[in-house]
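Have a look at the structure below before the remarks.
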Amino acid sequence: MVRVSSGNFSQLSSVGKTGARITVDRSSVLATIEKLKLVGSQAGLQIGHLVYEAGITMKTMAEARVPVITTNLKTGIKGPIKAGLYDWIVTAASKDGTDPTGVGKNQKEYAPYVEFGTSKMAGRFFMAAAALDAEALIRAELPIIAQRIQRL
Amino acid sequence: MKEQALSMQRVLRDDTLVQTKVGTDADGVVKVYQSQAREDTNAPYIIVGIVPSPGSSVVAAYGDPVAVEVWRFGVSCWARNSQEAWELAEIANEAVNAGDFEAEPYTSAGVFLRGTPQELPDRDTNLRQVLMIYEMITGR
């Protein structure tokens, strides 16, 4: 709470001095600091959840976009793996995958050829597109988080 | 999306240095292709691939609604060896930076290299590719 006053302030000298005064309650300042702490922790928590959710989305979208013949590559999409506080990685490797029929199990790694293409095949960019899907989710959700935090 | 991919292909084909580096195919066309090269084409050549994008967003500027759309392309520079692939990538990047990407009814707000170019081997041949991902921002 802020209070403003003017007049003679006798506590400043024996004769008193004319002046103006502005005071903020110490309890209000402490309450504001506590609220800022809450905002900081809530922002960190909610953005953390959002980035993890984006990691899940990246994996789901990669699985949805990857071309499938044997399911080696689709089942070889792993993650999200934590790389930092707000940093998640999804990987794709045909060698990490499993083919339930066992017929098409491929011992060679071919994920980069599907993603980036070869001289005989166009790149599908399924991982790049999945990352863009995740980025779009973050861009859409951040303003909602900002609004939520403003209401605290 | 087709217009943007065509404008990327046009910019690369129109560049004199790219023309000199990649040459022309049997039909006399500068060897810059969409998605995949002609089967009878020899390296060096350039492929423009489309990275599927989530979609556009509409923003309002001074009361007029403007659709701002972001398009992404993979530009693959295929060559017979690593050095040639990187030389071609540098030339292609300069062509893109200097290019005019206007494609009616879109107004281009710029084309930017995203991430770091990377060299990759080929599965079926000894060719090398240097891949660059570009982001094109348009309004209409």
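Residues are named by chain letter and number: chains run A, B, ... in the order of the structure tokens, numbers start at 1 in each chain, and ligands are numbered from 1 in the order shown.
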
DSSP on the backbone: which residues in chain A end up as strand (DSSP E or B)? Give the answer as number ranges by chain. A: 2-9, 17-24, 77-84, 87-92, 118, 121

All residues 8 Å or closer to A:Ala43, only C-alpha atoms, same chain fewer than 3 positions away omitted, as number ranges by chain: A: 39-40, 46-47, 145, 149

Store the residues picked out above, limited to all heavy atoms, as a short mmCIF file (atom, residue, chain, number, x, y, z; two decimals), in the first residue's frame.
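Now in again_33.cif:
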```cif
data_model
loop_
_atom_site.label_atom_id
_atom_site.label_comp_id
_atom_site.auth_asym_id
_atom_site.auth_seq_id
_atom_site.Cartn_x
_atom_site.Cartn_y
_atom_site.Cartn_z
N VAL A 39 5.20 -16.39 -9.14
CA VAL A 39 5.12 -16.23 -10.60
C VAL A 39 6.31 -16.92 -11.26
O VAL A 39 6.17 -17.66 -12.24
CB VAL A 39 5.08 -14.72 -10.97
CG1 VAL A 39 5.33 -14.53 -12.45
CG2 VAL A 39 3.73 -14.12 -10.59
N GLY A 40 7.51 -16.70 -10.70
CA GLY A 40 8.73 -17.30 -11.26
C GLY A 40 8.66 -18.81 -11.24
O GLY A 40 8.92 -19.46 -12.26
N GLN A 46 5.32 -24.33 -15.63
CA GLN A 46 4.39 -24.46 -16.77
C GLN A 46 5.14 -24.53 -18.10
O GLN A 46 4.75 -25.27 -18.99
CB GLN A 46 3.39 -23.30 -16.76
CG GLN A 46 2.50 -23.40 -15.54
CD GLN A 46 1.24 -22.56 -15.65
OE1 GLN A 46 0.79 -22.25 -16.74
NE2 GLN A 46 0.67 -22.21 -14.53
N ILE A 47 6.22 -23.75 -18.22
CA ILE A 47 7.01 -23.83 -19.46
C ILE A 47 7.70 -25.19 -19.54
O ILE A 47 7.78 -25.80 -20.61
CB ILE A 47 8.01 -22.65 -19.55
CG1 ILE A 47 7.24 -21.34 -19.73
CG2 ILE A 47 8.99 -22.84 -20.70
CD1 ILE A 47 8.08 -20.10 -19.62
N ILE A 145 -0.13 -19.51 -21.41
CA ILE A 145 0.60 -19.58 -20.13
C ILE A 145 0.81 -18.16 -19.58
O ILE A 145 0.64 -17.92 -18.38
CB ILE A 145 1.95 -20.30 -20.33
CG1 ILE A 145 1.70 -21.80 -20.55
CG2 ILE A 145 2.88 -20.08 -19.14
CD1 ILE A 145 2.94 -22.62 -20.74
N ILE A 149 -0.45 -16.81 -15.98
CA ILE A 149 0.47 -16.27 -14.96
C ILE A 149 0.06 -14.85 -14.56
O ILE A 149 0.14 -14.48 -13.39
CB ILE A 149 1.92 -16.31 -15.49
CG1 ILE A 149 2.41 -17.77 -15.49
CG2 ILE A 149 2.86 -15.46 -14.64
CD1 ILE A 149 3.67 -18.02 -16.21
#
```

Quick check: residues of chain A within 12 Å of chain B, only C-alpha atoms, returned as a ChimeraX atom specification. /A:61-62,65-66,108-137,139-140

Taking 2 positions as the minimum chain separation for residues in the same chain, which residues sit within 9 Å of stretch 91-93 of chain B when counting only C-alpha atoms? Answer as a PDB file with N, CA, C and O atoms, in the first residue's frame.
```pdb
ATOM      1  N   LEU B  12      17.283 -20.307 -58.046  1.00  0.00           N
ATOM      2  CA  LEU B  12      18.528 -21.077 -58.199  1.00  0.00           C
ATOM      3  C   LEU B  12      18.888 -21.254 -59.677  1.00  0.00           C
ATOM      4  O   LEU B  12      20.049 -21.139 -60.065  1.00  0.00           O
ATOM      5  N   ASP B  15      20.456 -18.108 -61.341  1.00  0.00           N
ATOM      6  CA  ASP B  15      21.739 -17.614 -60.865  1.00  0.00           C
ATOM      7  C   ASP B  15      22.873 -18.071 -61.798  1.00  0.00           C
ATOM      8  O   ASP B  15      22.999 -19.264 -62.096  1.00  0.00           O
ATOM      9  N   LEU B  17      26.159 -18.215 -61.397  1.00  0.00           N
ATOM     10  CA  LEU B  17      27.171 -19.111 -60.819  1.00  0.00           C
ATOM     11  C   LEU B  17      26.639 -20.538 -60.675  1.00  0.00           C
ATOM     12  O   LEU B  17      27.355 -21.506 -60.917  1.00  0.00           O
ATOM     13  N   VAL B  18      25.366 -20.649 -60.285  1.00  0.00           N
ATOM     14  CA  VAL B  18      24.750 -21.985 -60.187  1.00  0.00           C
ATOM     15  C   VAL B  18      24.724 -22.635 -61.562  1.00  0.00           C
ATOM     16  O   VAL B  18      25.074 -23.808 -61.727  1.00  0.00           O
ATOM     17  N   LYS B  21      28.086 -23.896 -62.440  1.00  0.00           N
ATOM     18  CA  LYS B  21      28.532 -25.026 -61.611  1.00  0.00           C
ATOM     19  C   LYS B  21      27.806 -26.322 -61.961  1.00  0.00           C
ATOM     20  O   LYS B  21      28.419 -27.381 -62.072  1.00  0.00           O
ATOM     21  N   ILE B  46      21.178 -29.832 -58.049  1.00  0.00           N
ATOM     22  CA  ILE B  46      20.520 -29.353 -56.815  1.00  0.00           C
ATOM     23  C   ILE B  46      19.078 -29.856 -56.786  1.00  0.00           C
ATOM     24  O   ILE B  46      18.388 -29.837 -57.817  1.00  0.00           O
ATOM     25  N   VAL B  75      17.254 -27.727 -49.419  1.00  0.00           N
ATOM     26  CA  VAL B  75      18.006 -27.579 -50.670  1.00  0.00           C
ATOM     27  C   VAL B  75      19.216 -28.507 -50.577  1.00  0.00           C
ATOM     28  O   VAL B  75      20.109 -28.299 -49.759  1.00  0.00           O
ATOM     29  N   CYS B  77      22.488 -30.134 -52.234  1.00  0.00           N
ATOM     30  CA  CYS B  77      23.483 -29.929 -53.278  1.00  0.00           C
ATOM     31  C   CYS B  77      24.245 -31.236 -53.465  1.00  0.00           C
ATOM     32  O   CYS B  77      25.030 -31.627 -52.586  1.00  0.00           O
ATOM     33  N   TRP B  86      30.320 -28.927 -51.076  1.00  0.00           N
ATOM     34  CA  TRP B  86      30.347 -27.711 -50.244  1.00  0.00           C
ATOM     35  C   TRP B  86      30.482 -26.457 -51.098  1.00  0.00           C
ATOM     36  O   TRP B  86      29.892 -25.417 -50.776  1.00  0.00           O
ATOM     37  N   GLU B  87      31.262 -26.548 -52.182  1.00  0.00           N
ATOM     38  CA  GLU B  87      31.380 -25.389 -53.093  1.00  0.00           C
ATOM     39  C   GLU B  87      30.010 -25.046 -53.680  1.00  0.00           C
ATOM     40  O   GLU B  87      29.605 -23.887 -53.723  1.00  0.00           O
ATOM     41  N   LEU B  88      29.306 -26.092 -54.103  1.00  0.00           N
ATOM     42  CA  LEU B  88      27.975 -25.880 -54.686  1.00  0.00           C
ATOM     43  C   LEU B  88      27.013 -25.305 -53.641  1.00  0.00           C
ATOM     44  O   LEU B  88      26.210 -24.411 -53.934  1.00  0.00           O
ATOM     45  N   ALA B  89      27.123 -25.809 -52.417  1.00  0.00           N
ATOM     46  CA  ALA B  89      26.252 -25.315 -51.333  1.00  0.00           C
ATOM     47  C   ALA B  89      26.491 -23.828 -51.088  1.00  0.00           C
ATOM     48  O   ALA B  89      25.544 -23.060 -50.884  1.00  0.00           O
ATOM     49  N   ALA B  95      23.093 -17.515 -53.882  1.00  0.00           N
ATOM     50  CA  ALA B  95      21.992 -17.271 -54.826  1.00  0.00           C
ATOM     51  C   ALA B  95      20.680 -17.058 -54.075  1.00  0.00           C
ATOM     52  O   ALA B  95      19.897 -16.159 -54.402  1.00  0.00           O
ATOM     53  N   VAL B  96      20.447 -17.873 -53.042  1.00  0.00           N
ATOM     54  CA  VAL B  96      19.209 -17.747 -52.254  1.00  0.00           C
ATOM     55  C   VAL B  96      19.188 -16.407 -51.518  1.00  0.00           C
ATOM     56  O   VAL B  96      18.170 -15.712 -51.494  1.00  0.00           O
ATOM     57  N   ASN B  97      20.331 -16.028 -50.944  1.00  0.00           N
ATOM     58  CA  ASN B  97      20.396 -14.765 -50.195  1.00  0.00           C
ATOM     59  C   ASN B  97      20.137 -13.561 -51.094  1.00  0.00           C
ATOM     60  O   ASN B  97      19.579 -12.553 -50.651  1.00  0.00           O
ATOM     61  N   ALA B  98      20.555 -13.663 -52.354  1.00  0.00           N
ATOM     62  CA  ALA B  98      20.396 -12.530 -53.270  1.00  0.00           C
ATOM     63  C   ALA B  98      19.110 -12.616 -54.081  1.00  0.00           C
ATOM     64  O   ALA B  98      18.786 -11.703 -54.835  1.00  0.00           O
ATOM     65  N   LEU B 113      18.298 -19.135 -43.761  1.00  0.00           N
ATOM     66  CA  LEU B 113      18.884 -20.464 -43.541  1.00  0.00           C
ATOM     67  C   LEU B 113      18.604 -20.868 -42.100  1.00  0.00           C
ATOM     68  O   LEU B 113      18.817 -20.092 -41.179  1.00  0.00           O
ATOM     69  N   MET B 132      20.760 -28.025 -46.902  1.00  0.00           N
ATOM     70  CA  MET B 132      20.466 -26.774 -46.188  1.00  0.00           C
ATOM     71  C   MET B 132      18.946 -26.637 -46.080  1.00  0.00           C
ATOM     72  O   MET B 132      18.238 -26.879 -47.058  1.00  0.00           O
TER      73      MET B 132
END
```

Residue nearest A:Glu141 - candidates A:Lys59, A:Leu50, A:Asp99, A:Thr32, atoms counted: only C-alpha atoms: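 Distance minimum relative to A:Glu141 lands on A:Leu50.
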
Go through chain A and collect every residue that DSSP, computed from the backbone, puts in alpha helix (DSSP H); the answer should be as a PyMOL selection string. chain A and resi 26-65+72-75+111-116+126-150

Which value, in Å to one decimal, gives the distance between atom CA of A:Ile56 and atom CA of A:Gly76?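 That distance, rounded to one decimal, is 14.8 Å.
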
Please provide the set of residues having any atom within 7 Å of A:Gly7, restricted to only C-alpha atoms, with same-chain residues fewer than 5 positions apart removed, written as an MDAnalysis selection string. chainID A and resid 18:20

Can you write out the residues you just picked, keeping all heavy atoms, as a PDB file, in the first residue's frame?
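That gives us out_11.pdb:
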```pdb
ATOM      1  N   THR A  18       9.478  21.518   6.008  1.00  0.00           N
ATOM      2  CA  THR A  18       8.340  21.272   5.127  1.00  0.00           C
ATOM      3  C   THR A  18       8.786  20.334   4.008  1.00  0.00           C
ATOM      4  O   THR A  18       9.862  20.504   3.442  1.00  0.00           O
ATOM      5  CB  THR A  18       7.849  22.598   4.520  1.00  0.00           C
ATOM      6  OG1 THR A  18       7.504  23.458   5.598  1.00  0.00           O
ATOM      7  CG2 THR A  18       6.653  22.388   3.613  1.00  0.00           C
ATOM      8  N   GLY A  19       7.958  19.388   3.703  1.00  0.00           N
ATOM      9  CA  GLY A  19       8.353  18.451   2.638  1.00  0.00           C
ATOM     10  C   GLY A  19       7.197  17.578   2.204  1.00  0.00           C
ATOM     11  O   GLY A  19       6.051  17.778   2.623  1.00  0.00           O
ATOM     12  N   ALA A  20       7.511  16.664   1.394  1.00  0.00           N
ATOM     13  CA  ALA A  20       6.535  15.681   0.915  1.00  0.00           C
ATOM     14  C   ALA A  20       7.093  14.291   1.187  1.00  0.00           C
ATOM     15  O   ALA A  20       8.307  14.109   1.257  1.00  0.00           O
ATOM     16  CB  ALA A  20       6.279  15.880  -0.573  1.00  0.00           C
TER      17      ALA A  20
END
```

Selection: 7 Å around B:Val70, only C-alpha atoms, excl. self and same-chain fewer than 3 positions, as a compact mmCIF listing (two decimals) with C-alpha atoms, in the first residue's frame:
```
# COMPACT_ATOMS: atom_id res chain seq x y z
CA SER B 56 -0.16 -20.54 -41.60
CA GLU B 135 12.56 -20.88 -44.10
CA MET B 136 10.57 -18.58 -46.36
CA ILE B 137 8.17 -16.10 -44.76
CA THR B 138 5.38 -14.78 -46.95
```
